[in-house]
Every structure is written in C-alpha cells, then in structure tokens.
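Asker: Handing over query_12.txt, compact mmCIF, C-alpha atoms and all ligand atoms.
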# COMPACT_ATOMS: atom_id res chain seq x y z
CA MET A 1 35.15 -14.22 -38.04
CA ARG A 2 33.56 -11.01 -39.18
CA PHE A 3 30.20 -12.30 -38.05
CA ARG A 4 31.65 -13.23 -34.63
CA ILE A 5 32.96 -9.75 -34.03
CA LEU A 6 29.71 -8.26 -35.19
CA SER A 7 27.61 -10.37 -32.82
CA VAL A 8 29.91 -9.61 -29.88
CA LEU A 9 29.61 -5.92 -30.66
CA LEU A 10 25.83 -6.22 -30.96
CA ALA A 11 25.63 -8.01 -27.62
CA LEU A 12 27.73 -5.29 -25.98
CA ILE A 13 25.44 -2.59 -27.30
CA ALA A 14 22.18 -4.42 -26.73
CA THR A 15 22.76 -5.61 -23.16
CA PRO A 16 22.64 -2.20 -21.48
CA LEU A 17 19.65 -1.27 -23.66
CA PHE A 18 17.65 -4.22 -22.37
CA ALA A 19 19.01 -3.82 -18.87
CA ALA A 20 17.72 -0.25 -18.76
CA ASP A 21 14.21 -1.66 -18.98
CA HIS A 22 14.69 -3.87 -15.98
CA ALA A 23 15.35 -3.28 -12.32
CA HIS A 24 17.70 -5.48 -10.30
CA HIS A 25 17.81 -9.19 -11.05
CA GLY A 26 16.23 -8.74 -14.45
CA LYS A 27 12.71 -8.11 -13.13
CA PRO A 28 10.54 -5.55 -14.89
CA LEU A 29 10.42 -2.19 -13.09
CA GLU A 30 6.65 -2.14 -12.74
CA GLN A 31 5.28 -5.31 -11.21
CA ARG A 32 2.27 -3.92 -9.41
CA GLN A 33 -1.17 -4.84 -10.64
CA ALA A 34 -3.11 -1.87 -12.02
CA ILE A 35 -6.55 -1.16 -10.59
CA ARG A 36 -8.47 1.01 -13.05
CA LEU A 37 -10.47 3.71 -11.26
CA ASN A 38 -12.02 7.02 -12.29
CA ALA A 39 -10.73 10.27 -10.77
CA GLU A 40 -13.37 10.35 -8.03
CA GLU A 41 -12.71 6.77 -6.96
CA LYS A 42 -8.98 7.36 -6.95
CA ALA A 43 -9.49 10.43 -4.75
CA HIS A 44 -11.59 8.30 -2.39
CA ILE A 45 -8.76 5.77 -1.97
CA HIS A 46 -6.11 8.47 -1.64
CA THR A 47 -8.13 10.27 1.07
CA GLU A 48 -8.40 7.04 3.03
CA MET A 49 -4.66 6.55 2.62
CA ARG A 50 -3.76 9.96 3.96
CA LEU A 51 -5.92 9.15 6.97
CA PHE A 52 -3.93 5.91 7.45
CA LEU A 53 -0.68 7.84 7.31
CA ALA A 54 -1.91 10.50 9.76
CA VAL A 55 -3.16 7.81 12.16
CA SER A 56 0.20 5.98 12.04
CA GLN A 57 2.05 9.24 12.75
CA LYS A 58 -0.22 10.07 15.68
CA ILE A 59 0.26 6.61 17.20
CA VAL A 60 4.06 6.85 17.01
CA ALA A 61 4.04 10.35 18.52
CA ALA A 62 1.67 9.32 21.31
CA VAL A 63 3.68 6.18 22.13
CA ALA A 64 6.83 8.30 22.31
CA GLY A 65 5.01 10.59 24.74
CA ASN A 66 3.84 7.49 26.66
CA ASP A 67 0.27 8.74 26.37
CA MET A 68 -1.67 5.49 25.89
CA LYS A 69 -5.04 7.22 26.00
CA ARG A 70 -4.01 9.26 22.99
CA VAL A 71 -2.65 6.11 21.31
CA ALA A 72 -6.09 4.50 21.65
CA GLU A 73 -7.87 7.60 20.30
CA ALA A 74 -5.56 7.83 17.30
CA ALA A 75 -5.83 4.11 16.49
CA ARG A 76 -9.62 4.26 16.65
CA GLU A 77 -9.57 6.90 13.89
CA GLY A 78 -8.19 4.20 11.61
CA GLY A 79 -10.60 1.48 12.80
CA MET A 80 -13.69 -0.04 11.21
CA ALA A 81 -16.07 2.61 12.55
CA ALA A 82 -14.07 5.36 10.90
CA ALA A 83 -13.76 3.52 7.56
CA HIS A 84 -15.40 5.58 4.86
CA ASP A 85 -18.23 3.75 3.19
CA VAL A 86 -16.94 2.36 -0.06
CA PRO A 87 -19.43 3.12 -2.85
CA ALA A 88 -20.77 -0.09 -4.45
CA ASN A 89 -19.30 0.81 -7.86
CA LEU A 90 -15.83 1.25 -6.40
CA ARG A 91 -16.12 -1.90 -4.33
CA LYS A 92 -16.80 -3.91 -7.50
CA LYS A 93 -13.55 -2.72 -9.06
CA LEU A 94 -11.33 -3.68 -6.12
CA PRO A 95 -9.64 -7.10 -6.15
CA LEU A 96 -10.52 -9.43 -3.26
CA GLU A 97 -6.96 -9.39 -1.90
CA PHE A 98 -7.04 -5.58 -1.86
CA LYS A 99 -10.27 -5.60 0.16
CA LYS A 100 -8.84 -8.19 2.56
CA LEU A 101 -5.71 -6.10 3.19
CA GLY A 102 -7.80 -2.96 3.70
CA HIS A 103 -10.09 -4.78 6.12
CA ALA A 104 -7.12 -6.22 8.04
CA THR A 105 -5.68 -2.71 8.39
CA HIS A 106 -8.89 -1.29 9.91
CA MET A 107 -9.26 -4.32 12.20
CA GLY A 108 -5.60 -4.02 13.23
CA PHE A 109 -6.09 -0.40 14.30
CA ASP A 110 -9.17 -1.44 16.33
CA ASP A 111 -7.16 -4.17 18.08
CA LEU A 112 -4.41 -1.68 18.82
CA ALA A 113 -6.94 0.79 20.27
CA ARG A 114 -8.57 -1.85 22.48
CA ASP A 115 -5.24 -3.15 23.82
CA ALA A 116 -3.88 0.37 24.37
CA ASP A 117 -6.93 1.04 26.58
CA SER A 118 -6.89 -2.25 28.47
CA LEU A 119 -3.13 -2.97 28.75
CA GLY A 120 -1.59 0.50 28.48
CA ASP A 121 1.60 -1.12 27.16
CA ALA A 122 3.56 1.15 24.81
CA ASN A 123 5.83 -1.61 23.59
CA HIS A 124 2.90 -3.84 22.73
CA ALA A 125 1.28 -0.96 20.81
CA LEU A 126 4.42 -0.47 18.74
CA LYS A 127 4.58 -4.17 17.99
CA GLN A 128 0.96 -4.05 16.80
CA LEU A 129 1.64 -0.97 14.70
CA GLY A 130 4.50 -2.84 13.07
CA GLN A 131 2.11 -5.65 12.18
CA VAL A 132 -0.63 -3.31 10.92
CA MET A 133 1.89 -1.49 8.76
CA GLY A 134 2.86 -4.81 7.21
CA ASN A 135 -0.48 -4.45 5.39
CA CYS A 136 0.52 -1.01 4.04
CA VAL A 137 3.75 -2.48 2.72
CA SER A 138 2.10 -5.56 1.18
CA CYS A 139 -0.69 -3.68 -0.53
CA HIS A 140 1.62 -0.98 -1.92
CA ALA A 141 3.87 -3.68 -3.33
CA LEU A 142 0.92 -5.36 -5.07
CA TYR A 143 -1.25 -2.58 -6.48
CA ARG A 144 -1.23 0.76 -8.22
CA ILE A 145 -4.10 2.88 -9.49
CA GLU A 146 -4.53 3.65 -13.14
CA THR A 147 -6.93 6.48 -13.85
CA SER A 148 -9.64 5.73 -16.38
CA LYS A 149 -12.63 7.75 -17.63
CA ARG A 150 -15.26 5.45 -16.16
C1 LIG B 201 -5.59 -2.40 0.52
C2 LIG B 201 -4.40 -1.81 -0.03
C3 LIG B 201 -3.68 -0.74 0.72
C4 LIG B 201 -3.41 -0.70 2.07
C5 LIG B 201 -3.73 -1.74 3.13
C6 LIG B 201 -2.73 0.54 2.30
N1 LIG B 201 -2.59 1.23 1.13
FE1 LIG B 201 -1.84 3.11 0.93
N2 LIG B 201 -2.23 3.08 -1.06
C7 LIG B 201 -2.78 2.02 -1.74
C8 LIG B 201 -2.94 2.37 -3.13
C9 LIG B 201 -3.52 1.48 -4.23
C10 LIG B 201 -2.46 3.69 -3.27
C11 LIG B 201 -2.42 4.54 -4.53
C12 LIG B 201 -1.29 4.16 -5.43
C13 LIG B 201 -1.43 4.85 -6.77
O1 LIG B 201 -2.02 5.95 -6.83
O2 LIG B 201 -0.97 4.27 -7.77
C14 LIG B 201 -2.02 4.10 -1.94
C15 LIG B 201 -1.48 5.35 -1.65
C16 LIG B 201 -1.09 5.76 -0.40
C17 LIG B 201 -0.60 7.07 -0.08
C18 LIG B 201 -0.53 8.27 -1.03
C19 LIG B 201 -1.84 9.04 -0.93
C20 LIG B 201 -1.91 10.28 -1.82
O3 LIG B 201 -2.76 11.14 -1.57
O4 LIG B 201 -1.13 10.37 -2.78
C21 LIG B 201 -0.26 7.07 1.25
C22 LIG B 201 0.30 8.21 2.06
C23 LIG B 201 -0.55 5.74 1.75
N3 LIG B 201 -1.08 4.97 0.74
C24 LIG B 201 -0.35 5.36 3.07
C25 LIG B 201 -0.74 4.13 3.59
C26 LIG B 201 -0.51 3.71 4.96
C27 LIG B 201 0.23 4.50 6.02
C28 LIG B 201 -1.09 2.48 5.09
C29 LIG B 201 -1.16 1.57 6.29
C30 LIG B 201 -1.48 2.10 7.59
C31 LIG B 201 -1.64 2.13 3.79
N4 LIG B 201 -1.41 3.15 2.92
C32 LIG B 201 -2.29 0.94 3.54
C33 LIG B 201 -3.18 0.82 -1.21
C34 LIG B 201 -3.14 0.48 0.14
Starting from the file, give its structure as structure tokens.
Ligand code: HEC
Answerer:
Amino acid sequence: MRFRILSVLLALIATPLFAADHAHHGKPLEQRQAIRLNAEEKAHIHTEMRLFLAVSQKIVAAVAGNDMKRVAEAAREGGMAAAHDVPANLRKKLPLEFKKLGHATHMGFDDLARDADSLGDANHALKQLGQVMGNCVSCHALYRIETSKR
C-alpha cells in the first residue's frame, strides 16, 4: 500500500518534469537536423535568406500595387542568376535535400518572373509565390545551423 502511494506520487511529480522536455504530442522540441557550419558559412546562408525575405516582400507589395513589371524585377532578384556562388567547402557540408530545396526556390522565382512578364496576371503570381514559399517553410522545418569552428 505504501509502495502504491509512493509510486502514484512519483508519477505525479515526474510527469510534468518529462512533459516540460517535450512539445505537443510528446515530440521533442528540437526536431530539425543540425548543419554544422563555421561563422563565415553561416553568414553566407543568412545573407541569402535575407535576400529571399526581401524579394518575397517586394513581390507582395508589387502585386498589391498591380505593378507586374515590378513583380518580375523583384522575382528575378531571387532567381538563379542572382544566386550567390556557393563556395565548394560550404556546398560539401549541405545535405542534398537542402540543396534541392534551395535550387527549387531560385527556379520558382525565375518562373514567377517569366510568367509575370508574359501573362501579367497578379493572381497567378500570388499563387506561384505561395508555392515558392512552401520551400521556405519545408526547409526551415527540416534544418537549423549549428556554428562550429571549422
Ligand atoms: C534550402 C533551405 C532553405 C530555404 C529554401 C529557405 N531557407 Fe531561410 N533559412 C534556412 C536556414 C538553415 C536558416 C538558418 C537557421 C539557423 O540559423 O539555425 C534560415 C534562416 C532564414 C532567415 C533568418 C536570416 C537571418 O539573418 O537571421 C530568414 C529571414 C529566412 N531564412 C527567410 C527565408 C525565406 C523568405 C525563404 C523562401 C523564400 C527561405 N528562407 C528559404 C534554410 C532555408
């Protein structure tokens, strides 16, 4: 009997302690895969990311202003031609899926630019932006950067 009470008490105390370590549904809080990069490589990725964010903002603003020429210009800034060359050393550290998602994002912005020029359809551009931004969401859910010395 004593033992029963003790184990119930222990369970009551322990459950919230374990739960604190886990997000909803018992999954660990941090599920993203760590990519180990040095400070310079991390800065390279972050710079590219801020460009992606700026491009997305410009596209939304230009669509809202129904200025499809400006939509095309903005999208092109995020396209393949504007992609910063990834140094070979950094490239080697990036998982294949990461590179695929990055590539798809640049290609998606190029498609958006081309269609904005040829079709001039604001609604279509927004639909494409929604698809391109699916890559942002997927990649952010999968990966995080861990800074290392090398
Ligand atoms: C191929 C993977 C990938 C794609 C695609 C991607 N991101 Fe990122 N993004 C990352 C990673 C990794 C980080 C850094 C996370 C960390 O530091 O732990 C990041 C960070 C960022 C940051 C923070 C930058 C800073 O200076 O702190 C912004 C803003 C961002 N992304 C915006 C975007 C937007 C907008 C898109 C889509 C248009 C996008 N990203 C697409 C992987 C990606």
Asker: Got a sec to check which residues lie within 10 Å of ligand LIG 201 (chain B), using all atoms listed in the file, and send them as a PyMOL selection string?
Answerer: chain A and resi 32-37+42-57+78+94-106+108-109+129-147
Asker: What does the distance between CA of Met107 (chain A) and CA of Glu73 (chain A) come to in Å, to one decimal place?
Answerer: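 These two atoms are separated by 14.5 Å.
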Asker: Record the distance separating CA of Asp67 (chain A) and CA of Ala125 (chain A), expressed in Å with one decimal.
Answerer: 11.2 Å
Asker: I'd like to know which of A:Arg150, A:Arg76, A:Lys69, A:Lys58 is closest to Leu119 (chain A), using all atoms listed in the file.
Answerer: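 Counting all atoms listed in the file, the residue closest to Leu119 (chain A) is A:Lys69.
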Asker: Find the distance between CA of Ala62 (chain A) and CA of Val86 (chain A) and write it in Å to one decimal.
Answerer: 29.2 Å
